[in-house]
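The structure file my_file.txt is reproduced below (compact mmCIF, C-alpha atoms).
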# COMPACT_ATOMS: atom_id res chain seq x y z
CA MET A 1 0.00 0.00 0.00
CA GLU A 2 1.36 3.41 -0.96
CA THR A 3 1.45 6.26 1.53
CA LEU A 4 3.76 8.63 -0.26
CA SER A 5 3.83 12.09 -1.70
CA PRO A 6 3.73 12.71 -5.48
CA LEU A 7 5.89 15.12 -7.39
CA ARG A 8 4.10 18.40 -7.91
CA HIS A 9 5.79 19.40 -11.14
CA SER A 10 6.15 16.80 -13.86
CA ALA A 11 5.78 16.56 -17.58
CA HIS A 12 4.60 13.89 -19.93
CA SER A 13 7.97 12.71 -21.23
CA SER A 14 9.50 9.72 -22.89
CA LEU A 15 12.87 8.30 -23.72
CA SER A 16 13.20 6.85 -27.20
CA GLN A 17 16.01 4.53 -28.11
CA PRO A 18 16.27 2.30 -31.17
CA VAL A 19 15.68 -1.43 -30.84
CA PRO A 20 18.93 -3.33 -31.40
CA SER A 21 19.05 -4.91 -34.85
CA ASN A 22 19.64 -8.41 -33.51
CA LEU A 23 16.41 -8.17 -31.52
CA LYS A 24 14.47 -6.80 -34.48
CA ALA A 25 15.18 -10.00 -36.32
CA GLN A 26 13.60 -12.09 -33.56
CA TRP A 27 10.62 -10.11 -32.37
CA PRO A 28 7.86 -7.99 -34.00
CA THR A 29 8.65 -4.29 -33.97
CA SER A 30 5.63 -2.77 -35.70
CA SER A 31 3.91 0.12 -33.99
CA SER A 32 0.61 -1.50 -34.94
CA HIS A 33 -0.97 -3.83 -32.40
CA GLU A 34 -1.77 -6.35 -35.11
CA GLY A 35 0.22 -9.55 -35.00
CA THR A 36 1.81 -8.88 -31.62
CA LYS A 37 2.31 -12.06 -29.67
CA THR A 38 3.78 -12.29 -26.23
CA THR A 39 4.97 -15.20 -24.13
CA LEU A 40 6.20 -15.45 -20.58
CA ALA A 41 9.93 -14.70 -20.50
CA GLY A 42 10.74 -14.39 -16.80
CA PHE A 43 10.18 -12.45 -13.59
CA PHE A 44 11.28 -9.15 -12.08
CA TYR A 45 11.87 -8.95 -8.34
CA HIS A 46 14.02 -7.07 -5.83
CA SER A 47 16.23 -7.75 -2.84
CA TRP A 48 17.43 -5.93 0.27
CA ASN A 49 20.97 -6.04 1.62
CA PHE A 50 21.99 -3.28 4.02
CA GLU A 51 25.66 -4.10 3.65
CA ARG A 52 25.62 -2.66 0.11
CA PHE A 53 24.69 0.72 -1.35
CA PRO A 54 22.04 1.16 -2.37
CA ALA A 55 20.53 -1.47 -0.09
CA LYS A 56 17.77 -2.20 -2.58
CA ALA A 57 18.52 -3.91 -5.90
CA HIS A 58 16.31 -5.02 -8.78
CA HIS A 59 16.74 -8.36 -10.53
CA PHE A 60 15.38 -10.44 -13.38
CA THR A 61 15.40 -14.20 -13.82
CA ASN A 62 14.76 -16.01 -17.08
CA ILE A 63 11.78 -18.36 -17.17
CA THR A 64 14.12 -21.36 -17.33
CA GLY A 65 16.23 -20.14 -14.41
CA LYS A 66 19.34 -20.88 -16.46
CA GLY A 67 22.01 -18.63 -17.88
CA PRO A 68 22.50 -14.91 -17.33
CA PRO A 69 19.35 -12.77 -17.42
CA PHE A 70 18.60 -11.49 -20.89
CA ILE A 71 17.59 -8.14 -19.46
CA PHE A 72 18.96 -6.02 -16.63
CA PRO A 73 16.68 -3.55 -14.81
CA SER A 74 19.44 -0.94 -14.68
CA SER A 75 19.41 -0.83 -18.49
CA PHE A 76 15.92 0.65 -18.79
CA LEU A 77 14.92 2.26 -15.49
CA PRO A 78 14.65 6.06 -15.85
CA VAL A 79 16.26 6.77 -12.44
CA PRO A 80 18.75 4.89 -10.25
CA GLY A 81 17.41 1.58 -8.97
CA GLY A 82 17.42 2.63 -5.33
CA ASP A 83 14.85 5.32 -6.16
CA VAL A 84 12.45 3.01 -8.01
CA GLU A 85 9.75 0.60 -6.93
CA LEU A 86 8.39 -1.89 -9.47
CA LEU A 87 4.66 -2.02 -8.77
CA ASP A 88 3.03 -4.05 -11.52
CA SER A 89 3.45 -5.63 -14.94
CA CYS A 90 1.00 -6.21 -17.75
CA ASN A 91 1.64 -7.72 -21.19
CA GLY A 92 5.17 -6.38 -21.61
CA LEU A 93 4.93 -3.06 -19.76
CA LEU A 94 6.01 -2.23 -16.21
CA LEU A 95 4.47 0.26 -13.79
CA CYS A 96 7.04 1.93 -11.53
CA ARG A 97 7.06 4.49 -8.80
CA CYS A 98 10.03 6.83 -9.18
CA PHE A 99 11.09 8.93 -6.23
CA GLU A 100 12.49 12.44 -6.38
CA PRO A 101 16.06 12.74 -5.09
CA GLY A 102 16.47 14.67 -1.91
CA PRO A 103 14.89 14.89 1.53
CA ARG A 104 11.40 13.81 2.52
CA ASP A 105 8.58 16.34 2.83
CA ALA A 106 7.23 17.75 6.10
CA ASP A 107 5.04 14.67 6.60
CA GLY A 108 7.96 12.29 6.17
CA PHE A 109 7.07 11.12 2.66
CA ARG A 110 9.17 11.11 -0.48
CA PRO A 111 7.71 12.84 -3.55
CA PHE A 112 7.26 10.52 -6.52
CA ASN A 113 5.70 10.02 -9.93
CA TYR A 114 4.33 6.96 -11.67
CA VAL A 115 6.28 5.81 -14.72
CA VAL A 116 5.30 3.20 -17.32
CA CYS A 117 8.16 1.64 -19.26
CA ASN A 118 8.80 -1.00 -21.90
CA PRO A 119 11.99 -2.87 -20.92
CA ALA A 120 12.33 -4.35 -24.40
CA THR A 121 12.65 -0.97 -26.11
CA LYS A 122 13.89 1.04 -23.08
CA LYS A 123 11.15 3.61 -23.66
CA TRP A 124 9.21 5.14 -20.80
CA VAL A 125 6.49 7.67 -20.05
CA MET A 126 6.26 9.69 -16.85
CA LEU A 127 2.64 10.22 -15.87
CA PRO A 128 1.47 13.71 -14.91
CA ASP A 129 0.70 14.55 -11.31
CA GLY A 130 -2.78 13.39 -10.27
CA GLY A 131 -3.11 15.98 -7.49
CA TRP A 132 -2.93 13.50 -4.61
CA ALA A 133 -2.70 14.55 -1.00
CA SER A 134 0.58 13.84 0.78
CA GLY A 135 0.47 10.51 2.59
CA GLU A 136 -2.82 9.44 1.00
CA ALA A 137 -3.05 5.64 0.87
CA ARG A 138 -3.38 4.15 -2.59
CA ILE A 139 -2.73 1.02 -4.64
CA ALA A 140 -1.69 1.44 -8.29
CA ARG A 141 -2.09 -1.16 -11.04
CA LEU A 142 -1.42 -1.28 -14.80
CA GLY A 143 -3.79 -2.26 -17.62
CA PHE A 144 -2.53 -2.96 -21.15
CA ASP A 145 -3.69 -5.24 -23.97
CA PRO A 146 -1.51 -4.97 -27.11
CA ALA A 147 -3.97 -7.17 -29.03
CA VAL A 148 -6.53 -4.35 -28.76
CA SER A 149 -4.52 -1.12 -28.60
CA SER A 150 -1.09 0.26 -27.80
CA HIS A 151 -2.70 2.57 -25.24
CA PHE A 152 -2.39 1.70 -21.57
CA HIS A 153 -4.23 2.62 -18.38
CA VAL A 154 -3.15 3.02 -14.79
CA VAL A 155 -5.79 2.46 -12.10
CA VAL A 156 -5.16 3.92 -8.65
CA TYR A 157 -7.36 2.67 -5.81
CA VAL A 158 -7.73 5.44 -3.23
CA LEU A 159 -8.18 4.11 0.32
CA ASP A 160 -9.55 5.51 3.56
CA GLU A 161 -8.03 5.06 7.01
CA GLY A 162 -9.62 1.61 7.23
CA GLU A 163 -7.93 0.61 3.94
CA CYS A 164 -11.25 0.43 2.08
CA VAL A 165 -11.70 1.86 -1.42
CA THR A 166 -13.32 5.28 -1.57
CA ALA A 167 -12.51 6.12 -5.20
CA VAL A 168 -10.39 5.22 -8.19
CA GLU A 169 -8.29 7.46 -10.39
CA ILE A 170 -7.73 6.22 -13.93
CA TYR A 171 -4.97 7.43 -16.23
CA SER A 172 -5.35 6.97 -19.99
CA SER A 173 -2.33 7.23 -22.26
CA LYS A 174 -4.71 8.18 -25.07
CA THR A 175 -5.74 11.42 -23.35
CA ALA A 176 -2.59 11.75 -21.17
CA ALA A 177 -4.91 12.70 -18.31
CA TRP A 178 -6.37 11.35 -15.07
CA SER A 179 -10.08 10.93 -14.31
CA PHE A 180 -11.48 10.66 -10.79
CA LYS A 181 -14.42 8.38 -9.97
CA GLU A 182 -16.00 7.79 -6.59
CA SER A 183 -16.38 4.12 -5.76
CA GLU A 184 -19.71 2.44 -6.51
CA TRP A 185 -18.77 -0.88 -4.88
CA GLY A 186 -19.97 0.00 -1.37
CA ASP A 187 -18.19 1.03 1.80
CA ASP A 188 -16.44 -2.19 2.87
CA VAL A 189 -14.33 -3.15 -0.15
CA MET A 190 -10.79 -3.77 1.09
CA PRO A 191 -8.38 -4.69 -1.74
CA CYS A 192 -5.49 -7.05 -1.13
CA ASP A 193 -2.63 -4.62 -1.61
CA ARG A 194 -0.05 -7.31 -2.48
CA ALA A 195 -2.34 -9.24 -4.81
CA ARG A 196 -2.10 -9.16 -8.58
CA THR A 197 -4.83 -7.57 -10.63
CA VAL A 198 -6.12 -8.82 -13.97
CA PHE A 199 -6.82 -6.54 -16.94
CA LEU A 200 -9.24 -8.49 -19.11
CA ASN A 201 -11.70 -7.37 -21.80
CA GLY A 202 -11.17 -3.72 -20.88
CA PHE A 203 -11.91 -4.24 -17.17
CA MET A 204 -9.59 -4.17 -14.18
CA HIS A 205 -10.19 -7.04 -11.74
CA MET A 206 -8.97 -6.77 -8.14
CA VAL A 207 -9.31 -9.46 -5.47
CA THR A 208 -10.50 -8.19 -2.10
CA VAL A 209 -10.64 -9.32 1.51
CA ALA A 210 -13.96 -11.18 1.95
CA GLU A 211 -15.79 -9.24 -0.79
CA GLY A 212 -14.90 -11.29 -3.87
CA ILE A 213 -13.45 -9.67 -6.99
CA VAL A 214 -14.26 -6.05 -7.78
CA VAL A 215 -14.33 -4.96 -11.41
CA VAL A 216 -14.31 -1.54 -13.07
CA ASP A 217 -13.99 -0.44 -16.71
CA MET A 218 -11.52 2.18 -17.85
CA GLU A 219 -14.16 4.91 -18.14
CA GLY A 220 -15.38 4.33 -14.60
CA ARG A 221 -18.91 3.66 -15.83
CA THR A 222 -19.35 -0.01 -14.96
CA TRP A 223 -18.78 -1.28 -11.42
CA ARG A 224 -19.25 -4.96 -10.59
CA THR A 225 -18.50 -7.47 -7.86
CA ILE A 226 -17.90 -11.10 -8.82
CA PRO A 227 -18.54 -13.60 -6.00
CA VAL A 228 -15.80 -16.19 -5.61
CA PRO A 229 -16.30 -19.93 -5.05
CA SER A 230 -14.66 -19.89 -1.63
CA ASP A 231 -15.33 -18.59 1.85
CA GLY A 232 -11.69 -17.64 2.37
CA ASP A 233 -10.67 -14.07 3.12
CA SER A 234 -8.71 -13.66 -0.10
CA GLY A 235 -7.24 -15.51 -3.04
CA PHE A 236 -5.17 -15.15 -6.18
CA ILE A 237 -6.40 -14.16 -9.63
CA ASP A 238 -4.79 -14.27 -13.05
CA GLN A 239 -5.73 -14.87 -16.65
CA ALA A 240 -4.75 -17.32 -19.37
CA GLN A 241 -6.08 -17.60 -22.89
CA GLY A 242 -8.71 -14.94 -22.20
CA ARG A 243 -10.13 -16.65 -19.11
CA LEU A 244 -10.14 -15.46 -15.51
CA PHE A 245 -8.54 -17.82 -12.97
CA TYR A 246 -9.17 -17.81 -9.21
CA ILE A 247 -6.92 -19.83 -6.89
CA ASN A 248 -7.45 -20.40 -3.18
CA VAL A 249 -7.48 -23.15 -0.59
CA ASP A 250 -10.43 -25.50 -0.31
CA ASP A 251 -13.02 -24.40 2.27
CA ALA A 252 -12.95 -27.82 3.94
CA ASP A 253 -9.20 -28.40 3.68
CA ALA A 254 -6.65 -25.62 4.26
CA PHE A 255 -3.91 -27.71 2.62
CA LYS A 256 -5.77 -28.34 -0.64
CA LEU A 257 -5.31 -25.81 -3.42
CA SER A 258 -8.30 -25.25 -5.73
CA ILE A 259 -8.06 -23.70 -9.19
CA TRP A 260 -11.24 -22.23 -10.66
CA ILE A 261 -12.11 -20.70 -14.04
CA LEU A 262 -14.87 -18.14 -14.58
CA GLU A 263 -17.03 -19.65 -17.33
CA ASP A 264 -19.66 -16.93 -17.62
CA HIS A 265 -19.14 -13.27 -16.72
CA GLY A 266 -22.89 -12.70 -16.86
CA THR A 267 -23.92 -15.37 -14.36
CA ASN A 268 -20.63 -15.44 -12.41
CA GLU A 269 -20.46 -19.20 -12.94
CA TRP A 270 -17.18 -20.81 -11.86
CA THR A 271 -15.87 -24.25 -12.83
CA LEU A 272 -13.37 -26.19 -10.73
CA GLU A 273 -10.49 -26.83 -13.12
CA HIS A 274 -8.05 -28.59 -10.83
CA SER A 275 -7.15 -29.26 -7.20
CA VAL A 276 -3.94 -30.42 -5.56
CA ARG A 277 -2.80 -31.03 -2.00
CA THR A 278 0.21 -29.10 -0.76
CA GLN A 279 2.01 -32.35 0.16
CA LEU A 280 2.43 -32.99 -3.56
CA LEU A 281 3.82 -29.52 -4.17
CA PHE A 282 6.13 -29.33 -1.19
CA ARG A 283 7.34 -32.88 -0.56
CA GLN A 284 4.91 -34.02 2.10
CA LYS A 285 4.73 -30.67 3.87
CA ASN A 286 1.42 -29.03 4.73
CA LEU A 287 1.91 -25.33 4.04
CA ARG A 288 -0.44 -22.38 4.33
CA PHE A 289 -1.59 -20.46 1.27
CA ALA A 290 -0.15 -16.90 1.09
CA TRP A 291 1.83 -17.48 4.30
CA ASP A 292 4.29 -20.23 3.48
CA TYR A 293 4.25 -19.87 -0.30
CA THR A 294 3.39 -17.08 -2.75
CA MET A 295 1.53 -17.50 -6.03
CA ILE A 296 3.11 -15.52 -8.89
CA THR A 297 1.29 -16.22 -12.12
CA VAL A 298 -0.51 -18.67 -14.37
CA HIS A 299 1.34 -19.26 -17.63
CA PRO A 300 -0.63 -17.51 -20.39
CA GLU A 301 -0.29 -20.40 -22.85
CA CYS A 302 -0.08 -23.69 -20.93
CA ASN A 303 -1.15 -25.37 -17.68
CA LEU A 304 1.68 -24.09 -15.52
CA ILE A 305 1.40 -22.26 -12.20
CA TYR A 306 4.43 -20.45 -10.79
CA PHE A 307 5.05 -19.79 -7.12
CA VAL A 308 7.82 -18.97 -4.64
CA TYR A 309 8.39 -21.06 -1.56
CA GLY A 310 10.72 -21.37 1.44
CA ARG A 311 13.42 -19.34 3.14
CA ASP A 312 15.53 -19.17 -0.02
CA ASN A 313 12.52 -18.04 -2.09
CA THR A 314 12.65 -21.01 -4.43
CA LEU A 315 10.96 -20.32 -7.75
CA MET A 316 8.91 -23.36 -8.77
CA ALA A 317 6.42 -24.36 -11.46
CA TYR A 318 3.56 -26.80 -11.09
CA GLU A 319 2.32 -28.47 -14.24
CA MET A 320 -1.27 -29.46 -13.58
CA ASP A 321 -1.82 -33.21 -13.40
CA CYS A 322 1.90 -33.76 -13.83
CA LYS A 323 4.85 -32.63 -11.74
CA VAL A 324 6.56 -29.86 -9.83
CA ARG A 325 9.72 -28.33 -11.28
CA VAL A 326 12.28 -26.36 -9.28
CA ILE A 327 13.52 -23.47 -11.42
CA ARG A 328 16.02 -21.73 -9.14
CA ASN A 329 16.59 -20.20 -5.71
CA LEU A 330 16.13 -16.45 -5.82
CA GLY A 331 17.77 -15.97 -2.41
CA HIS A 332 16.62 -15.19 1.12
CA GLU A 333 17.10 -11.43 0.59
CA CYS A 334 14.40 -11.29 -2.08
CA SER A 335 10.83 -10.19 -1.49
CA GLU A 336 7.55 -9.43 -3.22
CA PRO A 337 6.35 -8.40 -5.68
CA TYR A 338 7.47 -11.00 -8.20
CA LEU A 339 6.31 -9.60 -11.52
CA PRO A 340 5.85 -11.82 -14.58
CA TYR A 341 7.23 -10.31 -17.76
CA VAL A 342 6.67 -10.88 -21.47
CA ARG A 343 8.85 -9.27 -24.13
CA LEU A 344 6.99 -6.85 -26.37
CA PHE A 345 8.79 -4.92 -29.11
CA LEU A 346 6.52 -2.04 -30.10
CA GLU A 347 8.24 0.98 -31.61
CA ALA A 348 5.92 3.35 -29.73
CA LEU A 349 4.96 3.02 -26.07
CA ALA A 350 1.54 4.43 -26.87
CA ASP A 351 -0.22 5.63 -30.03
CA GLU A 352 0.22 9.24 -31.05
CA HIS A 353 -2.56 11.50 -29.81
Go through the file and emit its structure as structure tokens.
Amino acid sequence: METLSPLRHSAHSSLSQPVPSNLKAQWPTSSSHEGTKTTLAGFFYHSWNFERFPAKAHHFTNITGKGPPFIFPSSFLPVPGGDVELLDSCNGLLLCRCFEPGPRDADGFRPFNYVVCNPATKKWVMLPDGGWASGEARIARLGFDPAVSSHFHVVVYVLDEGECVTAVEIYSSKTAAWSFKESEWGDDVMPCDRARTVFLNGFMHMVTVAEGIVVVDMEGRTWRTIPVPSDGDSGFIDQAQGRLFYINVDDADAFKLSIWILEDHGTNEWTLEHSVRTQLLFRQKNLRFAWDYTMITVHPECNLIYFVYGRDNTLMAYEMDCKVRVIRNLGHECSEPYLPYVRLFLEALADEH
């Protein structure tokens, strides 16, 4: 959850650098969204070590866990890594929070701006100031679908002192402006601030504590709540092949993981796709969902679920109905968020407007 102060003077800016010729030969580089195809390439994450400077470092691991990373965060971040937080990823773009160098403000917060960048092309856009109050709690998420448009959206959930949503602010790269909408979900919607969101069919989906999945479109006109097939306080959502996935423990068995797919957005009908006991995943150990292991993503093209487990933050993949594969140890200094990344070579970060 963000409780920081935004920069008061910022401009809509971008950094344009040519795509290396060897990468152009391997990946699509058209500014049109037609024909773009993305696949899971790896994960961004960060670590803390107070014996180095800066103490915070950003990392990337390839999806195989083998060989040197094909991309280094320091190569595309617009400011030094110690002044950046990676907040979210969506279909090849990253949402960052970039802090202003210098002292904190009178309330103890560091001024910042949101930045959206494409690591593949090293281009980025700094979003204009949304006029937030210093210290105001918020959660920011990114929405982008290159199969529909090269425009992106940033959705900021504004929270009250009880951490419930009071409003959302939505940035559109098409208009280069923010719009403010008061929440129409009710008074008790508490989003899971560490949970992933899903941008699907033009709607942002956010899992909440005990209130299901809340959904809003990018104009702030349609507000929905999707009940989930579980009585648990929270869960994990993702998408694959255009379908919404919900993962949580079984109501009757805390050590049984259930994987559901939303079959009908109109009737909110869920189908149980798969279930597995944690003993199979973790070598006879009964572990608690979201406490002892962290879900990361569902592979967009095949039946693979990725998660991190244990003191050394071991990155693992579970192939449904098959086996568990250990990919690599990320290290005990690493922490959330673990952001899935797909390579997307678009010449422009967003369409001209």
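If you measure from each of A:Met126, A:Val308, A:Leu272, A:Ala240 to Phe289 of chain A using all atoms listed in the file, the closest one turns out to be A:Val308.
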Residue list as a ChimeraX atom specification for point (7.7, -8.9, -16.8), cut-off 9 Å, all atoms listed in the file
/A:40-44,60,88-94,119,338-343
Contacts between segment 183-207 of chain A and segment 269-333 of chain A, please, where a residue of segment 269-333 of chain A counts if it comes within 12 Å (with all atoms listed in the file); show its shortest atom pair and distance in Å to one decimal, rows by chain and ascending number, as a tab-separated table.
residue	atom	partner	partner_atom	distance
A:Ala290	CA	A:Ala195	CA	9.9
A:Thr294	CA	A:Ala195	CA	9.9
A:Met295	CA	A:Ala195	CA	9.2
A:Ile296	CA	A:Arg196	CA	8.2
A:Thr297	CA	A:Arg196	CA	8.6
A:Val298	CA	A:Arg196	CA	11.2
Residue with the minimum atom-to-atom distance to Leu344 of chain A, picked from A:Asp129, A:Asp145, A:Glu273, A:Glu100 with only C-alpha atoms counted, is A:Asp145
Is there a way to get, as an MDAnalysis selection string, all residues within 9 Å of the point (-3.5, -28.9, 4.8) in file coordinates, counting all atoms listed in the file?
chainID A and resid 249 253:257 277:279 285:288
Which residue, A:His58, A:Arg97, A:Arg243, A:Lys66, has the smallest gap to Val326 of chain A when you use all atoms listed in the file?
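So, comparing all the options, the nearest one is A:Lys66.
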Hey, which of A:Pro103, A:Gly82, A:Trp260, A:Tyr171 ends up closest to Val116 of chain A? Count only C-alpha atoms.
A:Tyr171
Record the distance separating atom CA of Leu330 of chain A and atom CA of Leu87 of chain A, expressed in Å with one decimal.
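Atom CA of Leu87 of chain A lies 18.7 Å from atom CA of Leu330 of chain A.
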Nearest-residue call for Ser149 of chain A, choices A:Glu163, A:Leu304, A:Ser172, A:His332, using all atoms listed in the file:
A:Ser172
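Residue nearest Met316 of chain A, chosen from A:Asn329, A:Thr121, A:Asn248, A:Ser74 and counting all atoms listed in the file: A:Asn329.
Interatomic distance, atom CA of Ala177 of chain A against atom CA of Ala120 of chain A: 25.0 Å.
For the pair atom CA of Leu346 of chain A and atom CA of Ile237 of chain A, the separation is 27.1 Å.
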